[in-house]
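For reference, run.txt is printed below; it contains compact mmCIF, C-alpha atoms.
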# COMPACT_ATOMS: atom_id res chain seq x y z
CA MET A 1 15.72 45.02 5.77
CA ARG A 2 17.19 43.39 2.69
CA LEU A 3 16.91 39.60 2.61
CA LEU A 4 18.58 36.92 0.53
CA HIS A 5 17.33 33.32 0.57
CA VAL A 6 19.62 30.49 -0.51
CA VAL A 7 18.38 27.03 -1.53
CA GLY A 8 20.26 24.21 -3.19
CA THR A 9 18.11 21.08 -3.29
CA ARG A 10 14.50 19.95 -3.40
CA PRO A 11 14.25 19.47 0.40
CA ASN A 12 15.67 22.99 0.85
CA LEU A 13 12.90 24.44 -1.28
CA VAL A 14 10.25 22.49 0.64
CA LYS A 15 11.47 24.08 3.88
CA MET A 16 12.00 27.57 2.49
CA ALA A 17 9.02 28.09 0.16
CA PRO A 18 6.56 28.87 3.00
CA VAL A 19 9.15 31.08 4.72
CA ILE A 20 9.73 33.08 1.56
CA ALA A 21 5.98 33.38 1.00
CA ALA A 22 5.27 34.48 4.59
CA LEU A 23 8.00 37.12 4.54
CA ARG A 24 6.86 38.49 1.18
CA GLU A 25 3.33 38.84 2.53
CA ARG A 26 4.31 40.32 5.89
CA PHE A 27 7.03 42.67 4.62
CA PRO A 28 6.19 43.63 1.03
CA ASP A 29 8.58 46.58 1.18
CA TRP A 30 11.60 44.47 2.13
CA PRO A 31 13.78 43.74 -0.91
CA ALA A 32 14.35 39.98 -1.13
CA ALA A 33 16.34 37.89 -3.60
CA ILE A 34 16.28 34.13 -4.07
CA VAL A 35 19.44 32.25 -4.97
CA HIS A 36 19.37 28.63 -6.14
CA THR A 37 22.84 27.12 -6.08
CA GLY A 38 21.88 24.40 -8.53
CA GLN A 39 23.13 21.58 -6.31
CA HIS A 40 19.85 19.99 -7.42
CA TYR A 41 17.40 22.20 -9.30
CA ASP A 42 13.82 20.99 -9.85
CA ARG A 43 12.08 23.37 -12.27
CA LEU A 44 8.65 21.71 -11.89
CA MET A 45 8.76 22.03 -8.11
CA SER A 46 9.63 25.70 -8.41
CA GLU A 47 6.56 26.15 -10.61
CA ILE A 48 4.33 24.38 -8.06
CA PHE A 49 5.49 26.71 -5.30
CA LEU A 50 5.02 29.72 -7.55
CA GLU A 51 1.41 28.65 -8.21
CA GLU A 52 0.47 27.55 -4.67
CA LEU A 53 2.47 29.88 -2.42
CA GLY A 54 3.40 32.81 -4.63
CA VAL A 55 7.11 32.03 -4.41
CA PRO A 56 8.82 33.46 -7.49
CA GLN A 57 11.46 31.74 -9.56
CA PRO A 58 15.06 32.24 -8.34
CA ASP A 59 16.72 35.55 -9.14
CA HIS A 60 20.12 33.86 -9.37
CA LEU A 61 21.06 30.34 -10.50
CA LEU A 62 24.64 29.46 -9.57
CA GLY A 63 24.88 26.18 -11.50
CA VAL A 64 27.00 24.44 -8.88
CA GLY A 65 25.98 20.97 -10.06
CA SER A 66 27.34 17.69 -8.77
CA GLY A 67 30.82 16.93 -7.47
CA SER A 68 32.59 15.99 -4.28
CA HIS A 69 31.53 17.67 -1.05
CA PRO A 70 34.52 20.06 -0.99
CA GLU A 71 34.02 20.87 -4.68
CA GLN A 72 30.38 21.81 -4.20
CA ILE A 73 31.08 23.97 -1.16
CA ALA A 74 33.97 25.67 -2.94
CA ARG A 75 31.78 26.48 -5.97
CA VAL A 76 29.08 27.93 -3.72
CA LEU A 77 31.66 30.16 -2.02
CA GLU A 78 33.11 31.32 -5.32
CA ARG A 79 29.82 31.90 -7.17
CA LEU A 80 27.78 33.33 -4.31
CA GLU A 81 30.28 36.03 -3.34
CA PRO A 82 29.60 38.34 -6.32
CA VAL A 83 25.84 37.89 -5.78
CA LEU A 84 26.13 38.94 -2.15
CA ARG A 85 28.26 41.92 -3.06
CA ALA A 86 25.70 43.01 -5.66
CA GLU A 87 22.56 42.36 -3.57
CA ARG A 88 24.05 43.65 -0.28
CA PRO A 89 21.55 41.84 2.00
CA ASP A 90 21.25 42.49 5.71
CA LEU A 91 20.38 38.85 6.35
CA VAL A 92 21.05 35.61 4.45
CA ILE A 93 18.58 32.80 5.25
CA VAL A 94 19.72 29.21 4.68
CA PRO A 95 17.82 25.95 5.38
CA GLY A 96 18.77 22.42 6.25
CA ASP A 97 22.09 20.66 6.09
CA VAL A 98 23.28 20.26 2.50
CA ASN A 99 26.59 21.50 1.12
CA SER A 100 24.90 24.64 -0.19
CA THR A 101 23.80 25.43 3.37
CA LEU A 102 27.32 25.49 4.76
CA GLY A 103 28.81 27.17 1.68
CA ALA A 104 26.28 30.01 1.77
CA ALA A 105 26.57 30.51 5.53
CA LEU A 106 30.35 30.62 5.36
CA CYS A 107 30.36 32.99 2.38
CA ALA A 108 28.00 35.41 4.13
CA ALA A 109 30.03 35.27 7.34
CA LYS A 110 33.26 36.09 5.49
CA LEU A 111 31.54 39.17 4.06
CA GLY A 112 30.22 40.26 7.46
CA ILE A 113 26.57 39.48 6.61
CA ALA A 114 24.27 38.00 9.27
CA VAL A 115 22.92 34.48 8.72
CA ALA A 116 19.68 32.80 9.82
CA HIS A 117 19.52 29.00 9.79
CA VAL A 118 16.15 27.27 9.31
CA GLU A 119 15.97 23.76 10.85
CA SER A 120 18.79 24.48 13.26
CA GLY A 121 20.09 22.28 16.05
CA LEU A 122 19.53 18.79 14.61
CA ARG A 123 22.30 16.31 15.44
CA SER A 124 22.91 12.67 14.55
CA PHE A 125 26.18 12.71 16.55
CA ASP A 126 27.79 10.95 13.60
CA ARG A 127 30.56 13.09 12.11
CA THR A 128 30.99 10.65 9.22
CA MET A 129 27.75 12.03 7.77
CA PRO A 130 28.52 15.10 5.62
CA GLU A 131 25.22 16.63 6.70
CA GLU A 132 26.36 16.63 10.32
CA THR A 133 29.35 18.90 9.75
CA ASN A 134 27.19 21.13 7.55
CA ARG A 135 24.63 21.53 10.36
CA ILE A 136 27.24 22.23 12.99
CA GLY A 137 29.04 24.80 10.87
CA ALA A 138 25.88 26.63 9.88
CA ASP A 139 24.66 26.77 13.48
CA LEU A 140 27.94 28.15 14.79
CA ILE A 141 27.84 30.89 12.15
CA ALA A 142 24.15 31.80 12.41
CA SER A 143 22.95 34.88 14.29
CA LEU A 144 19.45 33.37 14.31
CA CYS A 145 18.84 29.65 14.80
CA PHE A 146 15.26 28.68 13.94
CA LEU A 147 14.37 25.47 15.82
CA HIS A 148 11.59 22.92 15.40
CA CYS A 149 12.08 20.37 18.22
CA ASP A 150 13.03 20.29 21.89
CA GLU A 151 16.27 18.37 21.43
CA ALA A 152 17.55 21.08 19.09
CA VAL A 153 17.53 23.48 22.04
CA GLU A 154 19.54 21.05 24.17
CA ASN A 155 21.98 20.32 21.34
CA LEU A 156 22.75 24.00 20.78
CA ARG A 157 23.06 24.72 24.49
CA ALA A 158 25.61 21.91 24.74
CA GLU A 159 27.62 23.58 21.96
CA GLY A 160 27.58 26.96 23.68
CA VAL A 161 25.05 28.71 21.44
CA GLU A 162 23.57 31.68 23.28
CA GLU A 163 19.90 31.58 24.22
CA GLU A 164 19.12 34.82 22.40
CA ARG A 165 20.18 33.25 19.10
CA MET A 166 17.72 30.35 19.48
CA LYS A 167 14.15 30.84 18.23
CA PHE A 168 11.67 27.95 18.54
CA VAL A 169 9.33 28.46 15.59
CA GLY A 170 8.25 24.96 14.56
CA ASN A 171 8.65 22.93 11.39
CA THR A 172 8.47 24.94 8.17
CA MET A 173 8.38 21.78 6.05
CA ILE A 174 5.02 20.95 7.63
CA ASP A 175 3.79 24.37 6.47
CA THR A 176 4.34 23.14 2.92
CA LEU A 177 2.44 19.91 3.55
CA VAL A 178 -0.48 21.89 4.95
CA ALA A 179 -0.46 24.37 2.07
CA LEU A 180 -0.40 21.62 -0.57
CA GLY A 181 -2.87 19.33 1.21
CA ASP A 182 -5.67 19.61 -1.35
CA ARG A 183 -3.32 19.02 -4.29
CA ILE A 184 -1.78 16.01 -2.55
CA ARG A 185 -5.19 14.42 -1.99
CA GLU A 186 -6.20 15.05 -5.59
CA ARG A 187 -3.22 13.17 -7.03
CA ARG A 188 -4.31 9.62 -6.07
CA ALA A 189 -0.89 8.43 -7.17
CA ALA A 190 -1.22 4.99 -5.56
CA ALA A 191 -4.40 4.19 -7.47
CA ALA A 192 -2.74 5.27 -10.71
CA LEU A 193 -0.05 2.63 -10.08
CA GLY A 194 -2.59 -0.05 -9.18
CA PHE A 195 -2.16 0.05 -5.38
CA GLU A 196 -4.93 0.27 -2.82
CA PRO A 197 -4.46 3.02 -0.20
CA GLY A 198 -3.03 1.63 3.03
CA SER A 199 -2.03 -1.66 1.41
CA TYR A 200 1.64 -1.17 0.51
CA LEU A 201 5.12 -0.45 1.85
CA LEU A 202 6.63 2.63 0.19
CA VAL A 203 10.44 2.50 -0.06
CA THR A 204 12.95 5.27 -0.57
CA LEU A 205 16.65 4.47 -0.18
CA HIS A 206 19.44 6.68 -1.49
CA ARG A 207 22.38 7.03 0.92
CA PRO A 208 25.75 5.79 -0.39
CA ALA A 209 26.32 3.62 2.70
CA LEU A 210 23.32 1.57 1.61
CA VAL A 211 23.11 1.73 -2.17
CA ASP A 212 26.79 1.77 -3.18
CA GLY A 213 27.76 -1.60 -1.70
CA PRO A 214 26.60 -5.12 -0.89
CA LEU A 215 23.85 -3.95 1.48
CA LEU A 216 21.64 -2.99 -1.46
CA ALA A 217 21.41 -6.57 -2.76
CA GLU A 218 20.51 -7.82 0.70
CA ALA A 219 17.92 -5.05 1.13
CA MET A 220 16.24 -6.06 -2.15
CA GLU A 221 16.21 -9.73 -1.10
CA ARG A 222 14.55 -8.80 2.20
CA LEU A 223 12.05 -6.54 0.45
CA SER A 224 11.07 -9.46 -1.77
CA GLN A 225 10.41 -11.47 1.39
CA VAL A 226 8.21 -8.66 2.73
CA GLY A 227 6.46 -8.53 -0.64
CA ARG A 228 4.96 -11.96 0.00
CA GLU A 229 2.85 -10.37 2.76
CA LEU A 230 2.77 -6.69 1.89
CA PRO A 231 3.15 -5.20 -1.62
CA VAL A 232 6.32 -3.11 -1.92
CA LEU A 233 6.50 0.04 -4.05
CA PHE A 234 9.98 1.45 -4.68
CA PRO A 235 10.42 4.61 -6.82
CA VAL A 236 14.08 4.18 -7.77
CA HIS A 237 16.64 6.87 -8.47
CA PRO A 238 18.49 6.18 -11.77
CA ARG A 239 21.77 5.76 -9.90
CA THR A 240 20.23 3.15 -7.60
CA ARG A 241 18.60 1.37 -10.54
CA LYS A 242 22.00 1.14 -12.22
CA MET A 243 23.41 -0.51 -9.10
CA LEU A 244 20.52 -2.99 -9.13
CA GLY A 245 21.27 -4.10 -12.68
CA GLY A 246 18.56 -5.99 -14.51
CA ASP A 247 17.64 -8.40 -11.73
CA SER A 248 14.00 -9.04 -10.95
CA HIS A 249 12.67 -8.75 -7.41
CA PRO A 250 9.36 -10.60 -6.89
CA GLY A 251 6.91 -8.71 -4.72
CA VAL A 252 8.69 -5.40 -5.33
CA THR A 253 7.38 -2.90 -7.89
CA LEU A 254 10.19 -0.68 -9.14
CA THR A 255 9.12 2.59 -10.75
CA ASP A 256 10.92 5.59 -12.14
CA PRO A 257 11.32 8.52 -9.73
CA VAL A 258 8.08 10.41 -9.14
CA GLY A 259 7.47 14.12 -8.71
CA TYR A 260 7.13 15.83 -5.36
CA LEU A 261 3.32 15.90 -5.22
CA ASP A 262 3.00 12.31 -6.42
CA PHE A 263 5.49 11.15 -3.82
CA LEU A 264 3.62 12.92 -1.04
CA SER A 265 0.43 11.30 -2.30
CA LEU A 266 2.09 7.86 -2.20
CA GLU A 267 3.41 8.63 1.27
CA ALA A 268 0.03 9.75 2.61
CA ASP A 269 -1.67 6.58 1.30
CA ALA A 270 1.05 4.10 2.31
CA GLY A 271 0.58 1.43 4.93
CA ALA A 272 4.14 2.19 6.01
CA VAL A 273 7.35 3.74 4.68
CA LEU A 274 10.90 2.38 4.71
CA THR A 275 13.49 5.13 4.27
CA ASP A 276 17.00 6.38 4.94
CA SER A 277 15.92 10.00 4.44
CA GLY A 278 15.66 12.60 7.17
CA GLY A 279 12.77 14.67 5.84
CA ILE A 280 10.55 11.66 5.21
CA GLN A 281 10.80 10.75 8.90
CA GLU A 282 9.18 14.12 9.64
CA GLU A 283 6.57 13.95 6.88
CA THR A 284 5.37 10.53 8.03
CA THR A 285 5.20 11.77 11.62
CA TYR A 286 2.88 14.59 10.62
CA LEU A 287 0.81 12.28 8.38
CA GLY A 288 0.63 9.57 11.05
CA ILE A 289 2.17 6.93 8.76
CA PRO A 290 4.44 4.27 10.36
CA CYS A 291 8.04 4.84 9.30
CA PHE A 292 11.02 2.49 9.49
CA THR A 293 14.43 4.12 9.17
CA LEU A 294 17.24 1.98 7.78
CA ARG A 295 20.06 3.89 9.46
CA ASP A 296 22.14 3.50 12.61
CA ASN A 297 20.98 6.85 13.94
CA THR A 298 18.65 9.76 13.34
CA GLU A 299 19.06 13.48 13.78
CA ARG A 300 15.28 13.58 14.28
CA PRO A 301 14.59 11.69 17.54
CA VAL A 302 11.42 13.74 17.89
CA THR A 303 9.91 11.36 15.30
CA VAL A 304 10.87 8.33 17.40
CA ARG A 305 9.43 9.96 20.52
CA ALA A 306 6.22 10.69 18.61
CA GLY A 307 5.79 6.95 18.07
CA THR A 308 5.71 7.03 14.26
CA ASN A 309 9.36 6.23 13.50
CA ARG A 310 11.40 3.14 14.38
CA VAL A 311 15.17 3.14 13.69
CA LEU A 312 16.11 -0.33 12.42
CA GLY A 313 19.84 0.32 12.13
CA LEU A 314 21.84 -0.06 8.94
CA ASP A 315 20.82 -3.72 8.86
CA PRO A 316 18.76 -4.90 5.86
CA ALA A 317 18.01 -8.19 7.66
CA ARG A 318 15.60 -6.27 9.91
CA ILE A 319 13.41 -5.29 6.95
CA VAL A 320 11.61 -8.63 7.28
CA GLU A 321 10.37 -7.54 10.73
CA ILE A 322 8.17 -4.80 9.25
CA PRO A 323 4.94 -6.81 8.68
CA ALA A 324 5.01 -8.14 12.26
CA LEU A 325 5.73 -4.68 13.66
CA LEU A 326 2.79 -3.29 11.71
CA ALA A 327 0.54 -6.05 13.02
CA ASN A 328 1.39 -5.05 16.59
CA PRO A 329 1.77 -1.27 16.41
CA GLY A 330 1.13 -0.46 20.06
CA GLU A 331 -0.39 2.89 20.89
CA ARG A 332 -0.74 5.08 17.80
CA PRO A 333 0.15 8.77 18.10
CA THR A 334 -2.69 11.26 18.00
CA ASP A 335 -1.01 14.63 17.55
CA PRO A 336 2.09 15.90 15.73
CA PRO A 337 4.92 17.47 17.76
CA PRO A 338 4.49 21.02 19.10
CA MET A 339 4.36 23.77 16.48
CA TRP A 340 4.17 21.33 13.58
CA ASP A 341 0.96 23.13 12.71
CA GLY A 342 1.42 24.90 9.38
CA LYS A 343 2.23 28.24 11.02
CA ALA A 344 6.00 28.00 11.59
CA SER A 345 6.77 30.44 8.79
CA GLU A 346 4.50 33.04 10.38
CA ARG A 347 6.55 32.69 13.55
CA VAL A 348 9.74 33.21 11.55
CA ALA A 349 8.21 36.46 10.33
CA ASP A 350 7.33 37.41 13.92
CA VAL A 351 10.98 36.96 14.93
CA LEU A 352 12.30 39.07 12.06
CA ALA A 353 9.77 41.81 12.77
CA ASP A 354 11.41 42.32 16.16
CA TRP A 355 15.02 41.58 15.15

Using structure tokens, write down the structure that the file contains.
Amino acid sequence: MRLLHVVGTRPNLVKMAPVIAALRERFPDWPAAIVHTGQHYDRLMSEIFLEELGVPQPDHLLGVGSGSHPEQIARVLERLEPVLRAERPDLVIVPGDVNSTLGAALCAAKLGIAVAHVESGLRSFDRTMPEETNRIGADLIASLCFLHCDEAVENLRAEGVEEERMKFVGNTMIDTLVALGDRIRERRAAAALGFEPGSYLLVTLHRPALVDGPLLAEAMERLSQVGRELPVLFPVHPRTRKMLGGDSHPGVTLTDPVGYLDFLSLEADAGAVLTDSGGIQEETTYLGIPCFTLRDNTERPVTVRAGTNRVLGLDPARIVEIPALLANPGERPTDPPPMWDGKASERVADVLADW
């Protein structure tokens, strides 16, 4: 069988690197090409996965770049078509919920090529989120839906997806955490920044609803309040830093963005994490780190059920509750969700062996 893997962003590569590695090991005679759309290309991360997992550099770089959601999807459709015609895969594998995911799935479907969707079935039930329509579209197109939580099964059943298309394999992103565990521990990124492990609140906020309007200023004010009790560490994206201007925020240490391994190291050593990211909710659940999600909803309720994630709503005023919530944590979880065990990619290979 000829395979073609499509990634577009850093989170995509985190989810797909162990899948690509497992399939290369299990089926060395299967031709397989890797396409990076360039929605967000991280050369250093690609090198890490080459070194640790044996995942080669992409065979095709589409250079899609930034732009509006329709523009990005349109560029993926236009630039991926000649690649698919040249590679002639039997199966295109796409991860996650970014614009590249939907563009690649749609392009393959229009050419009559089967699609497999990794991390299928997640739903926030908020159609204003661009990721939500990407997920729904990819799942409707996919011949194989690889699932990693119970609610994904129920979500797809409710949308009429046939049982034979659904394959519960577990969380491939956790496979990457397991594979890179030694390197993560070696980084000691918190100590390098002058923070004691377990002593700080790690912050990552990037969604336009939060950082492109007045909520960002309020969030920073509340973080300064938290900083009187709990040091706050905030690696800031350049776009977010521009929105912040030159204001100072006592109790909050702003740093430049950090690399993937350093961020995982900071996450693993944090006392807690405040985020509006989806993937970080899952990483903290596996690591057993308390997570507070500054969004009105989550497509990952499994993390709430696990007891590691609390959804605060899109309400910066609630940030000041974090120290008290940490002081009274209730029962701490002991085990990650089912099949979040570092072997999900092997189960993907099992499915394809019989497909």

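Considering only C-alpha atoms, the residue among A:Glu25, A:Glu51, A:Asp59, A:Asp350 positioned nearest to Val7 in chain A is A:Asp59.
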
List as an MDAnalysis selection string the protein and nucleic acid residues near Glu299 in chain A, meaning an atom at most 10 Å away when all atoms listed in the file are counted, but skip any in the same chain fewer than 2 places from it. chainID A and resid 121:126 131:132 151:152 278 281 297 301:303

Please list as a VMD selection string every residue within 12 Å of range 239-249 of chain A, counting all atoms listed in the file and excluding residues in the same chain fewer than 2 positions away. chain A and resid 204 to 228 231 to 237 251 to 257

Once 3 Å is added on each side, what are the centre and the three edge lengths, in Å to one decimal, of the axis-aligned box enclosing the listed atoms of range 122-131 of chain A? Present them as JSON.
{"center_x": 25.3, "center_y": 14.7, "center_z": 11.1, "size_x": 17.5, "size_y": 14.1, "size_z": 16.9}

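The residue set within 10 Å of Val153 in chain A, counting all atoms listed in the file and dropping same-chain residues fewer than 4 places from it, reads Ser120, Gly121, Leu122, Cys145, Phe146, Leu147, His148, Cys149, Arg157, Ala158, Val161, Glu163, Met166, Lys167 and Phe168 of chain A.
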
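Nearest residue to Val92 in chain A among A:Ser143, A:Ser345, A:Asn328, A:Thr293 is A:Ser143, counting all atoms listed in the file.
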
Could you write range 235-250 of chain A as a PDB file, in the frame of the given file, with N, CA, C and O atoms rebuilt where they are missing?
ATOM      1  N   PRO A 235       9.974   3.677  -5.771  1.00  0.00           N
ATOM      2  CA  PRO A 235      10.420   4.610  -6.820  1.00  0.00           C
ATOM      3  C   PRO A 235      11.944   4.741  -6.755  1.00  0.00           C
ATOM      4  O   PRO A 235      12.480   5.188  -5.745  1.00  0.00           O
ATOM      5  N   VAL A 236      12.627   4.368  -7.824  1.00  0.00           N
ATOM      6  CA  VAL A 236      14.080   4.180  -7.770  1.00  0.00           C
ATOM      7  C   VAL A 236      14.794   5.298  -8.516  1.00  0.00           C
ATOM      8  O   VAL A 236      14.488   5.599  -9.676  1.00  0.00           O
ATOM      9  N   HIS A 237      15.767   5.890  -7.835  1.00  0.00           N
ATOM     10  CA  HIS A 237      16.640   6.870  -8.470  1.00  0.00           C
ATOM     11  C   HIS A 237      17.461   6.164  -9.555  1.00  0.00           C
ATOM     12  O   HIS A 237      17.867   5.010  -9.388  1.00  0.00           O
ATOM     13  N   PRO A 238      17.725   6.835 -10.696  1.00  0.00           N
ATOM     14  CA  PRO A 238      18.490   6.180 -11.770  1.00  0.00           C
ATOM     15  C   PRO A 238      19.819   5.587 -11.303  1.00  0.00           C
ATOM     16  O   PRO A 238      20.223   4.512 -11.751  1.00  0.00           O
ATOM     17  N   ARG A 239      20.489   6.259 -10.399  1.00  0.00           N
ATOM     18  CA  ARG A 239      21.770   5.760  -9.900  1.00  0.00           C
ATOM     19  C   ARG A 239      21.575   4.444  -9.150  1.00  0.00           C
ATOM     20  O   ARG A 239      22.351   3.494  -9.299  1.00  0.00           O
ATOM     21  N   THR A 240      20.515   4.379  -8.332  1.00  0.00           N
ATOM     22  CA  THR A 240      20.230   3.150  -7.600  1.00  0.00           C
ATOM     23  C   THR A 240      19.822   2.040  -8.560  1.00  0.00           C
ATOM     24  O   THR A 240      20.238   0.883  -8.413  1.00  0.00           O
ATOM     25  N   ARG A 241      19.028   2.378  -9.566  1.00  0.00           N
ATOM     26  CA  ARG A 241      18.600   1.370 -10.540  1.00  0.00           C
ATOM     27  C   ARG A 241      19.814   0.787 -11.270  1.00  0.00           C
ATOM     28  O   ARG A 241      19.868  -0.423 -11.546  1.00  0.00           O
ATOM     29  N   LYS A 242      20.782   1.631 -11.572  1.00  0.00           N
ATOM     30  CA  LYS A 242      22.000   1.140 -12.220  1.00  0.00           C
ATOM     31  C   LYS A 242      22.725   0.133 -11.335  1.00  0.00           C
ATOM     32  O   LYS A 242      23.226  -0.898 -11.813  1.00  0.00           O
ATOM     33  N   MET A 243      22.769   0.410 -10.035  1.00  0.00           N
ATOM     34  CA  MET A 243      23.410  -0.510  -9.100  1.00  0.00           C
ATOM     35  C   MET A 243      22.641  -1.825  -8.994  1.00  0.00           C
ATOM     36  O   MET A 243      23.231  -2.877  -8.738  1.00  0.00           O
ATOM     37  N   LEU A 244      21.336  -1.779  -9.215  1.00  0.00           N
ATOM     38  CA  LEU A 244      20.520  -2.990  -9.130  1.00  0.00           C
ATOM     39  C   LEU A 244      20.698  -3.883 -10.342  1.00  0.00           C
ATOM     40  O   LEU A 244      20.429  -5.089 -10.271  1.00  0.00           O
ATOM     41  N   GLY A 245      21.150  -3.313 -11.461  1.00  0.00           N
ATOM     42  CA  GLY A 245      21.270  -4.100 -12.680  1.00  0.00           C
ATOM     43  C   GLY A 245      19.903  -4.468 -13.218  1.00  0.00           C
ATOM     44  O   GLY A 245      18.911  -3.782 -12.990  1.00  0.00           O
ATOM     45  N   GLY A 246      19.828  -5.584 -13.903  1.00  0.00           N
ATOM     46  CA  GLY A 246      18.560  -5.990 -14.510  1.00  0.00           C
ATOM     47  C   GLY A 246      17.847  -7.078 -13.745  1.00  0.00           C
ATOM     48  O   GLY A 246      16.930  -7.719 -14.286  1.00  0.00           O
ATOM     49  N   ASP A 247      18.242  -7.311 -12.500  1.00  0.00           N
ATOM     50  CA  ASP A 247      17.640  -8.400 -11.730  1.00  0.00           C
ATOM     51  C   ASP A 247      16.171  -8.116 -11.426  1.00  0.00           C
ATOM     52  O   ASP A 247      15.771  -6.967 -11.257  1.00  0.00           O
ATOM     53  N   SER A 248      15.393  -9.184 -11.351  1.00  0.00           N
ATOM     54  CA  SER A 248      14.000  -9.040 -10.950  1.00  0.00           C
ATOM     55  C   SER A 248      13.884  -9.284  -9.447  1.00  0.00           C
ATOM     56  O   SER A 248      14.691 -10.000  -8.851  1.00  0.00           O
ATOM     57  N   HIS A 249      12.864  -8.667  -8.858  1.00  0.00           N
ATOM     58  CA  HIS A 249      12.670  -8.750  -7.410  1.00  0.00           C
ATOM     59  C   HIS A 249      11.181  -9.007  -7.155  1.00  0.00           C
ATOM     60  O   HIS A 249      10.396  -8.063  -7.048  1.00  0.00           O
ATOM     61  N   PRO A 250      10.786 -10.278  -7.082  1.00  0.00           N
ATOM     62  CA  PRO A 250       9.360 -10.600  -6.890  1.00  0.00           C
ATOM     63  C   PRO A 250       8.794  -9.917  -5.661  1.00  0.00           C
ATOM     64  O   PRO A 250       9.431  -9.840  -4.615  1.00  0.00           O
TER      65      PRO A 250
END
